Protein chains: 2
Amino acid sequence: MASEVRSRVTVIDVARAAGVSVATAARALGGYGSVSQASRRKVDEAAARLGYTPNMVARSMITGSTKTIGVIVADIENQFFQLVLRGVSRVLSEAGFDLVLANTEESIEVERRSLRVMTSRRVDGLILSPTEVADVAQIRAVADSGIPVVLLDRRLRGLKVDSVGIRNRAASHEATTYLLDRGHRQIAVVTGGGAEHAEELRSGNVGRLRRMSATTLGTRTAGYLEAIEAAGIAHVPDYVVANGFRQSDARTAARELMRLPQPPTAIMAFDSLLNLGVLQGLGDAGVRCPDQVSLIGFDDAPWAEVVDPPLTVIAQPTEEIGALAARQLLDRLGGESGAPMNHRLPVRLIERQSVARPPG
Amino acid sequence: MASEVRSRVTVIDVARAAGVSVATAARALGGYGSVSQASRRKVDEAAARLGYTPNMVARSMITGSTKTIGVIVADIENQFFQLVLRGVSRVLSEAGFDLVLANTEESIEVERRSLRVMTSRRVDGLILSPTEVADVAQIRAVADSGIPVVLLDRRLRGLKVDSVGIRNRAASHEATTYLLDRGHRQIAVVTGGGAEHAEELRSGNVGRLRRMSATTLGTRTAGYLEAIEAAGIAHVPDYVVANGFRQSDARTAARELMRLPQPPTAIMAFDSLLNLGVLQGLGDAGVRCPDQVSLIGFDDAPWAEVVDPPLTVIAQPTEEIGALAARQLLDRLGGESGAPMNHRLPVRLIERQSVARPPG
DNA sequence: CTGTTAGCGCGTTCAA
DNA sequence: TTGAACGCGCTAACAG
């Protein structure tokens with residue numbers, strides 16, 4: 001039978017029990033100012049006896065710092081964000097910060113709400129992977145209010161804040177070139193974007209793509225386009241799929257690609273869940289990978305080596321992205337005040353067995 | 001050039017600008033008490049004009065509630081916890097609570113620290129997946145101090161708090177029986193436990209296993225033992241591996257199992273990363289699954305269907321576990337005061353192709 | 001419906 | 001080195 005101690009013990013209680021003033025007790029407990037050995041001992045003893053726990057809420061109230069960082073991710077279920085989160089969590093906790101987590105599930109409404117929540121919670125800083133249609137003005141308002149913001153994975157046009165990610169255009173260019181070098185001429189991409197981006201993505205207009213607010217999708221698709229055009233291949237709108245970011249969406253996408261009059265001989269997918277979906281879709285369609293169709297995907301995963309066939313991927317240094325974002329944020333909190341940094345970390349193309357020369 | 005608005009606007013400012021008292025402004029802004037239409041409009045207008053954001057810290061200070069729930073997981077990188085987190089996050093955010101996350105990486109020290117942090121942050125409730133060697137007294141102290149605690153996945157002997165998970169012993173019993181039914185007599189388990197549990201786990205002493213503080217490992221191993229003993233099979237200590245929970249540990253484990261004078265014909269692994277590791281280890285050892293060795297694992301994963309061979313697994317309703325834990329916590333916060341609930345959710349054995357009859 | 005006032009728990013003056 | 005007193009921004013209690 002637990003006797004619920006609803007009224008918690010305060011510095012005042014400890015002070016009284018130790019026979020010193022509140023100020024002295026607070027100094028001993030909070031580890032600031034100067035306290036004599038004797039007082040410190042009395043206070044510590046009393047605190048232990050009464051079961052005192054400092055009240056961060058009250059402390060934040062007066063110091064103005066909550067020692068928390070807000071982290072807003074687009075989708076916890078995405079491998080990429082899980083690893084990012086791990087990196088973030090590791091460096092923040094080492095620095096004595098805690099982490100308030102929000103998951104937007106790619107909804108702009110939830111993102112707006114989360115941003116408000118983080119502000120009212122007075123987080124000291126914010127790490128954010130904005131949805132594709134982020135409310136730039138709102139984010140800018142947060143940053144302008146003095147809360148350092150670091151963008152994850154995606155950059156936002158017109159928003160001058162730090163960001164950490166990869167060189168998306170170069171990465172997809174590299175992947176596409178890899179396929180071209182092996183003789184592929186019909187290359188499709190499964191972008192994961194939603195219907196609202198389909199038209200833009202399929203337009204084949206590089207300039208427009210690079211101006212999309214959704215920089216990850218836009219720039220990756222741009223890199224792909226530039227590569228095939230440099231190889232003298234015409235853009236086929238049907239080869240650019242934007243029907244959703246779930247595994248099942250990619251699965252459907254792959255099946256439909258294979259039903260095209262002129263099906264692709266290679267497919268590129270933009271994240272690890274999509275890779276998986278495409279692989280399944282190919283299976284459904286009864287086509288063998290890589291004999292009939294090659295596949296290259298973004299993001300390495302623990303299972304990428306074990307699937308059939310083992311997947312050739314563009315690996316992002318995911319955990320490091322998170323760690324770097326956190327470090328960048330801590331730097332800003334430490335007073336660093338230069339121009340916004342856009343950290344672009346290197347990717348690595350890992351060759352396994354999902355890419356072969358096209359049949360025939 | 002952002003003009004950093006370091007001094008934020010307060011209720012007082014809004015009140016002044018709206019020409020009403022602080023109380024009225026606070027009532028309008030906080031949405032409590034009663035305010036006339038006219039005042040409300042004036043206040044809202046002033047708040048918008050000044051860019052007022054409520055200060056949750058101050059609010060918590062006086063209401064005594066932070067509207068946050070602490071979530072302490074053993075390992076973010078584990079599939080299981082990611083999905084749990086998603087479930088938790090979904091129901092909490094619907095209820096207007098936010099989530100302070102801590103990742104212990106299976107370290108008891110970090111767990112202790114996290115617990116202190118959560119208390120001093122005055123979280124309204126706590127969802128915790130304790131490490132294998134949890135400090136029960138400390139957790140009890142938290143619960144006794146009036147913060148509802150819900151245990152995830154694992155139960156702790158002697159700790160009377162709510163918990164949500166599966167019937168671990170029954171689940172591994174079921175999996176083992178499934179293997180026995182197909183004719184296997186040499187069945188190994190890769191538990192994921194560390195060296196500190198190896199002796200206990202390998203002891204073959206069911207009573208002792210069920211008394212382990214690490215109930216997940218202990219009870220799962222107990223279920224396995226009971227099943228093989230019921231089938232008249234003697235316990236082989238070498239068939240119980242506890243060399244770590246990383247993918248590479250499982251990989252090593254599988255390789256070593258296959259080097260045994262009498263290698264197993266079937267292996268059971270206790271989580272999805274271990275499944276993967278075992279599969280790789282079998283590949284390293286040059287043995288084909290399921291022709292030469294069968295594999296059954298805990299936890300379904302998006303990729304389980306796509307690996308070679310597709311994995312037969314015991315699937316936990318992971319996201320639902322998280323959701324239920326959150327709901328249980330909200331119930332307690334709502335005043336529910338019955339005896340501790342031990343929710344055990346049903347598992348599902350998903351047959352795919354990694355189990356076959358033993359060779360010969 | 002509105003305003004006044006006290007105080008949540010702690011860090012921070014300032015004087016002793 | 002110590003103590004008394006103020007105030008962070010807000011809500012609750014009470015009077016009007």
# chains A, B, ... in the order shown; residues from 1 in each chain; ligands from 1

call {"tool": "interface_residues", "arguments": {"of": "chain C", "to": "chain A", "cutoff": "7 Å", "atoms": "only C-alpha atoms (C1' of nucleotides)", "output": "list in words"}}
result
DG9, DC10 and DG11 of chain C

call {"tool": "interface_residues", "arguments": {"of": "chain A", "to": "chain B", "cutoff": "9 Å", "atoms": "only C-alpha atoms", "output": "NGL selection string"}}
result
:A and (1-8 or 53-58 or 60-61 or 66 or 68 or 75-77 or 82-83 or 85-86 or 89-90 or 93 or 98-103 or 116-117 or 119-122 or 140 or 143-147 or 247 or 273 or 276 or 279-280 or 302-310)

call {"tool": "interface_residues", "arguments": {"of": "chain D", "to": "chain A", "cutoff": "10 Å", "atoms": "only C-alpha atoms (C1' of nucleotides)", "output": "JSON, numbers by chain"}}
result
{"D": [1, 2, 3, 4, 7, 8, 9]}

call {"tool": "write_last_selection", "arguments": {"atoms": "N, CA, C and O atoms (P, O5', C5', C4', C3', O3' and C1' of nucleotides)", "output": "mmCIF file, in the first residue's frame"}}
result
data_model
loop_
_atom_site.group_PDB
_atom_site.id
_atom_site.type_symbol
_atom_site.label_atom_id
_atom_site.label_comp_id
_atom_site.auth_asym_id
_atom_site.auth_seq_id
_atom_site.Cartn_x
_atom_site.Cartn_y
_atom_site.Cartn_z
ATOM 1 P P DT D 1 33.156 29.813 1.068
ATOM 2 O "O5'" DT D 1 32.022 30.179 2.100
ATOM 3 C "C5'" DT D 1 31.970 29.651 3.373
ATOM 4 C "C4'" DT D 1 30.866 30.376 4.059
ATOM 5 C "C3'" DT D 1 29.466 29.863 3.721
ATOM 6 O "O3'" DT D 1 28.943 29.256 4.888
ATOM 7 C "C1'" DT D 1 29.566 32.253 3.741
ATOM 8 P P DT D 2 27.570 28.595 4.897
ATOM 9 O "O5'" DT D 2 26.600 29.838 5.056
ATOM 10 C "C5'" DT D 2 26.335 30.340 6.351
ATOM 11 C "C4'" DT D 2 25.454 31.546 6.231
ATOM 12 C "C3'" DT D 2 23.995 31.248 5.901
ATOM 13 O "O3'" DT D 2 23.271 31.293 7.104
ATOM 14 C "C1'" DT D 2 24.822 33.235 4.861
ATOM 15 P P DG D 3 21.803 30.666 7.096
ATOM 16 O "O5'" DG D 3 20.954 31.980 6.790
ATOM 17 C "C5'" DG D 3 21.100 33.074 7.677
ATOM 18 C "C4'" DG D 3 20.314 34.252 7.172
ATOM 19 C "C3'" DG D 3 18.877 33.925 6.765
ATOM 20 O "O3'" DG D 3 18.008 34.846 7.421
ATOM 21 C "C1'" DG D 3 19.992 35.093 5.025
ATOM 22 P P DA D 4 16.469 34.657 7.435
ATOM 23 O "O5'" DA D 4 15.990 35.978 6.666
ATOM 24 C "C5'" DA D 4 16.706 37.200 6.853
ATOM 25 C "C4'" DA D 4 16.100 38.287 5.974
ATOM 26 C "C3'" DA D 4 14.612 38.124 5.696
ATOM 27 O "O3'" DA D 4 14.051 39.413 5.560
ATOM 28 C "C1'" DA D 4 15.836 37.931 3.675
ATOM 29 P P DG D 7 9.734 42.682 -7.088
ATOM 30 O "O5'" DG D 7 9.802 41.508 -8.161
ATOM 31 C "C5'" DG D 7 11.023 41.198 -8.808
ATOM 32 C "C4'" DG D 7 10.866 39.864 -9.522
ATOM 33 C "C3'" DG D 7 9.501 39.681 -10.213
ATOM 34 O "O3'" DG D 7 9.737 39.136 -11.485
ATOM 35 C "C1'" DG D 7 9.924 37.866 -8.813
ATOM 36 P P DC D 8 8.860 39.518 -12.729
ATOM 37 O "O5'" DC D 8 9.061 38.282 -13.692
ATOM 38 C "C5'" DC D 8 10.357 37.803 -14.047
ATOM 39 C "C4'" DC D 8 10.262 36.315 -14.313
ATOM 40 C "C3'" DC D 8 8.921 35.897 -14.896
ATOM 41 O "O3'" DC D 8 9.078 35.779 -16.313
ATOM 42 C "C1'" DC D 8 9.606 34.444 -13.085
ATOM 43 P P DG D 9 8.173 36.667 -17.275
ATOM 44 O "O5'" DG D 9 6.841 35.816 -17.294
ATOM 45 C "C5'" DG D 9 6.827 34.517 -17.845
ATOM 46 C "C4'" DG D 9 5.531 33.868 -17.448
ATOM 47 C "C3'" DG D 9 4.275 34.614 -17.887
ATOM 48 O "O3'" DG D 9 3.531 33.732 -18.695
ATOM 49 C "C1'" DG D 9 4.139 33.989 -15.607
#

call {"tool": "residues_around", "arguments": {"residues": "Ala18 in chain B", "least_positions_apart": "5", "cutoff": "12 Å", "atoms": "only C-alpha atoms (C1' of nucleotides)", "output": "count of residues only"}}
result
21

call {"tool": "atom_distance", "arguments": {"atom1": "CA of Leu225 in chain B", "atom2": "CA of Arg157 in chain B"}}
result
20.6 Å

call {"tool": "decode", "arguments": {"residues": "range 128-177 of chain A", "atoms": "C-alpha atoms", "output": "PDB file, in the first residue's frame"}}
result
ATOM      1  CA  LEU A 128      12.559  19.447 -37.150  1.00  0.00           C
ATOM      2  CA  SER A 129      11.976  17.353 -40.204  1.00  0.00           C
ATOM      3  CA  PRO A 130       9.330  19.441 -41.908  1.00  0.00           C
ATOM      4  CA  THR A 131       6.524  17.865 -43.887  1.00  0.00           C
ATOM      5  CA  GLU A 132       6.580  18.359 -47.613  1.00  0.00           C
ATOM      6  CA  VAL A 133       4.279  21.346 -47.370  1.00  0.00           C
ATOM      7  CA  ALA A 134       5.733  22.963 -44.267  1.00  0.00           C
ATOM      8  CA  ASP A 135       4.467  26.305 -43.048  1.00  0.00           C
ATOM      9  CA  VAL A 136       7.653  28.267 -43.566  1.00  0.00           C
ATOM     10  CA  ALA A 137       6.310  31.421 -41.974  1.00  0.00           C
ATOM     11  CA  GLN A 138       5.486  29.630 -38.773  1.00  0.00           C
ATOM     12  CA  ILE A 139       8.882  28.005 -38.574  1.00  0.00           C
ATOM     13  CA  ARG A 140      10.531  31.315 -39.264  1.00  0.00           C
ATOM     14  CA  ALA A 141       8.498  32.868 -36.463  1.00  0.00           C
ATOM     15  CA  VAL A 142       9.808  30.247 -34.078  1.00  0.00           C
ATOM     16  CA  ALA A 143      13.381  30.813 -35.151  1.00  0.00           C
ATOM     17  CA  ASP A 144      12.948  34.584 -34.943  1.00  0.00           C
ATOM     18  CA  SER A 145      11.598  34.287 -31.445  1.00  0.00           C
ATOM     19  CA  GLY A 146      15.050  33.170 -30.418  1.00  0.00           C
ATOM     20  CA  ILE A 147      14.666  29.398 -30.440  1.00  0.00           C
ATOM     21  CA  PRO A 148      17.431  27.888 -32.578  1.00  0.00           C
ATOM     22  CA  VAL A 149      16.033  25.545 -35.205  1.00  0.00           C
ATOM     23  CA  VAL A 150      17.846  22.812 -37.096  1.00  0.00           C
ATOM     24  CA  LEU A 151      16.200  21.235 -40.090  1.00  0.00           C
ATOM     25  CA  LEU A 152      16.601  17.544 -40.644  1.00  0.00           C
ATOM     26  CA  ASP A 153      16.879  15.847 -43.967  1.00  0.00           C
ATOM     27  CA  ARG A 154      14.944  18.535 -45.766  1.00  0.00           C
ATOM     28  CA  ARG A 155      15.755  22.144 -46.478  1.00  0.00           C
ATOM     29  CA  LEU A 156      13.094  24.798 -46.840  1.00  0.00           C
ATOM     30  CA  ARG A 157      13.403  27.415 -49.531  1.00  0.00           C
ATOM     31  CA  GLY A 158      13.597  30.896 -48.141  1.00  0.00           C
ATOM     32  CA  LEU A 159      14.209  29.808 -44.601  1.00  0.00           C
ATOM     33  CA  LYS A 160      17.589  30.723 -43.270  1.00  0.00           C
ATOM     34  CA  VAL A 161      18.230  28.194 -40.548  1.00  0.00           C
ATOM     35  CA  ASP A 162      20.758  25.440 -40.017  1.00  0.00           C
ATOM     36  CA  SER A 163      20.125  22.141 -41.719  1.00  0.00           C
ATOM     37  CA  VAL A 164      21.699  18.720 -41.812  1.00  0.00           C
ATOM     38  CA  GLY A 165      21.258  16.150 -44.518  1.00  0.00           C
ATOM     39  CA  ILE A 166      22.786  14.809 -47.671  1.00  0.00           C
ATOM     40  CA  ARG A 167      23.319  16.141 -51.171  1.00  0.00           C
ATOM     41  CA  ASN A 168      20.084  14.695 -52.481  1.00  0.00           C
ATOM     42  CA  ARG A 169      20.430  15.688 -56.077  1.00  0.00           C
ATOM     43  CA  ALA A 170      23.957  14.376 -56.329  1.00  0.00           C
ATOM     44  CA  ALA A 171      22.958  11.160 -54.614  1.00  0.00           C
ATOM     45  CA  SER A 172      20.140  10.308 -56.979  1.00  0.00           C
ATOM     46  CA  HIS A 173      22.297  11.420 -59.876  1.00  0.00           C
ATOM     47  CA  GLU A 174      24.903   8.954 -58.748  1.00  0.00           C
ATOM     48  CA  ALA A 175      22.407   6.148 -58.377  1.00  0.00           C
ATOM     49  CA  THR A 176      20.901   6.836 -61.771  1.00  0.00           C
ATOM     50  CA  THR A 177      24.295   6.971 -63.412  1.00  0.00           C
TER      51      THR A 177
END
